[in-house]
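Trainee: What follows is a structure written as structure tokens; I'll ask about it next.
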Amino acid sequence: MMLHYLQVPFKVLEAAETSPSRRLGGHLFTQHVGDGTWDYFDVGAMRFPNTPFMKRTFSLADELDVKRIPYAMKASNTFTHYNGRQVQGVSALSGDPYGVARYVDPDNRIPNAPLPEAVHRSVSDALGVPGSSPSARLRPLDLFTGDNFDLDLAFQQLYGSFDKYTMRTWLQEYYPSWTVAVINWCERIDRSRGWYDRALVETVLEYLAFSWPRESTPSFDGKWYCFWRILFLARSHVLIVATR
């Protein structure tokens, strides 16, 4: 649909109509678990952030008169469960509510490793996430938050200056005192195993797509939405290839 919208020639190599009982694939799917209005579970790309990187997606949805529904990420009574402990409410997530630090012997901790509650802040500082600590060194996201912002130039500088790094090697260079053990520890707390082995640029592009670092505008409010018709009617598997 997007290729057709952009007038890009393409060929359909594989297509199969499927029913809810025989689904071959696809990226959007909603599993109903009851008869209530909100008794469903989203599988796949169930929400979209209104950022400049999603401009074409939102423009296409508007042209098709697809209803937008604000997506609630969390509420005051949202609960999380980890390490056998359940925590309810956003305010209760400060510090180390799941007792991760208890699993590390105080006398045998990794030297220079940040405490669990400081890991995300340290990683954000290294990337230059808005609101992080200032740095004399250029960081990837600094390219997208400056006063004289130019998107094309920012991308050129991003690839020119940072394409040689993985997330792991960038952290090693940004924090010279961090050993492999420290970075592995941060990876476990911040993401999951293997996450820091991918390209630094890939991590930055993902951040830009889902958390645009500049101020919101009326056109791009930075909020997340569901597309009602797409969310509930996508039930087919199609493999296509662009021919241009």
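We name chains A, B, ... following the order of the structure tokens; residues begin at 1 in each chain, and ligands are numbered from 1 as shown.
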Just the residues within 9 Å of Phe79 in chain A, please, counting only C-alpha atoms, with nothing from its chain fewer than 6 positions along; format it as number ranges by chain.
Mentor: A: 86-90
Trainee: Find the distance between CA of Trp195 in chain A and CA of Arg85 in chain A and write it in Å to one decimal.
Mentor: 25.1 Å
Trainee: Pick the closest to Pro213 in chain A from A:Met167, A:Leu127, A:Cys226, A:Val182: which is it, counting only C-alpha atoms?
Mentor: A:Leu127
Trainee: For the atom pair CA of Leu60 in chain A and CA of Ser211 in chain A, what is the interatomic distance in Å to one decimal place?
Mentor: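 Separating CA of Leu60 in chain A from CA of Ser211 in chain A is a distance of 20.7 Å.
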Trainee: Record the distance separating CA of Leu205 in chain A and CA of Pro140 in chain A, expressed in Å with one decimal.
Mentor: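 We find that CA of Leu205 in chain A and CA of Pro140 in chain A lie 9.9 Å from each other.
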Trainee: Quick one: residues within 10 Å of Lys164 in chain A, only C-alpha atoms counted, chain neighbours fewer than 6 positions away excluded, as a list in words?
Mentor: Trp170, Ala199, Leu200 and Val201 of chain A
Trainee: Grab the residues selected above and save them as a short mmCIF file (atom, residue, chain, number, x, y, z; two decimals), in the first residue's frame with N, CA and C atoms.
Mentor:
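Once everything was written out, this is again-v3.cif:
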```cif
data_model
loop_
_atom_site.label_atom_id
_atom_site.label_comp_id
_atom_site.auth_asym_id
_atom_site.auth_seq_id
_atom_site.Cartn_x
_atom_site.Cartn_y
_atom_site.Cartn_z
N TRP A 170 31.26 1.91 21.37
CA TRP A 170 31.06 3.32 21.69
C TRP A 170 31.09 3.54 23.19
N ALA A 199 24.98 -2.20 15.49
CA ALA A 199 25.59 -0.92 15.15
C ALA A 199 25.04 0.21 16.01
N LEU A 200 25.92 1.11 16.40
CA LEU A 200 25.49 2.29 17.15
C LEU A 200 24.49 3.10 16.34
N VAL A 201 24.73 3.23 15.04
CA VAL A 201 23.81 3.99 14.18
C VAL A 201 22.42 3.38 14.20
#
```
Trainee: Any idea what's packed within 7 Å of range 142-156 of chain A, counting only C-alpha atoms, ignoring anything in its chain fewer than 2 positions away? Could you give it as a ChimeraX atom specification?
Mentor: /A:128,138-140,158-160,213-214
Trainee: Take the selection from the previous step and output its residues with N, CA and C atoms, as a compact mmCIF listing (two decimals), in the first residue's frame.
Mentor:
```txt
# COMPACT_ATOMS: atom_id res chain seq x y z
N GLY A 128 23.56 11.00 24.30
CA GLY A 128 23.15 12.39 24.17
C GLY A 128 21.65 12.56 24.17
N LEU A 138 31.24 15.23 21.35
CA LEU A 138 30.08 15.08 20.48
C LEU A 138 29.50 13.67 20.62
N ARG A 139 28.20 13.59 20.84
CA ARG A 139 27.50 12.32 20.94
C ARG A 139 26.49 12.21 19.80
N PRO A 140 26.05 11.01 19.46
CA PRO A 140 25.20 10.84 18.27
C PRO A 140 23.97 11.72 18.24
N LEU A 158 26.24 11.76 11.21
CA LEU A 158 26.00 10.54 12.00
C LEU A 158 26.77 9.37 11.40
N TYR A 159 26.62 9.16 10.10
CA TYR A 159 27.31 8.05 9.45
C TYR A 159 28.81 8.30 9.36
N GLY A 160 29.19 9.55 9.12
CA GLY A 160 30.60 9.85 8.99
C GLY A 160 31.38 9.70 10.28
N PRO A 213 13.88 13.57 19.21
CA PRO A 213 14.49 14.33 20.32
C PRO A 213 14.21 15.82 20.32
N ARG A 214 13.67 16.36 19.24
CA ARG A 214 13.41 17.79 19.20
C ARG A 214 12.02 18.10 19.74
```
Trainee: Please determine, counting only C-alpha atoms, which residue among A:Trp185, A:Thr169, A:Phe227, A:Leu208 has the shortest atom-to-atom distance to Pro52 in chain A.
Mentor: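 Selected residue with least distance to Pro52 in chain A: A:Leu208.
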Trainee: Can you tell me, as a list of chain:residue names, what residues are no more than 12 Å from Gly84 in chain A when counting only C-alpha atoms, ignoring any on the same chain fewer than 2 positions away?
Mentor: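 Here the qualifying residues turn out to be A:Thr80, A:His81, A:Tyr82, A:Gln86, A:Val87, A:Pro97, A:Tyr98, A:Gly99, A:Val100.
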Trainee: Let's have the selection written as a PDB file, in the first residue's frame, with C-alpha atoms.
Mentor:
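For reference, selection.pdb as written:
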```pdb
ATOM      1  CA  THR A  80       5.044  -4.801  36.475  1.00  0.00           C
ATOM      2  CA  HIS A  81       6.330  -8.143  37.696  1.00  0.00           C
ATOM      3  CA  TYR A  82       9.980  -9.218  37.796  1.00  0.00           C
ATOM      4  CA  GLN A  86       5.105  -7.064  41.700  1.00  0.00           C
ATOM      5  CA  VAL A  87       5.253  -3.270  41.660  1.00  0.00           C
ATOM      6  CA  PRO A  97      12.234  -2.001  43.231  1.00  0.00           C
ATOM      7  CA  TYR A  98      12.978  -5.507  41.933  1.00  0.00           C
ATOM      8  CA  GLY A  99      15.986  -6.037  44.147  1.00  0.00           C
ATOM      9  CA  VAL A 100      18.450  -6.562  41.306  1.00  0.00           C
TER      10      VAL A 100
END
```
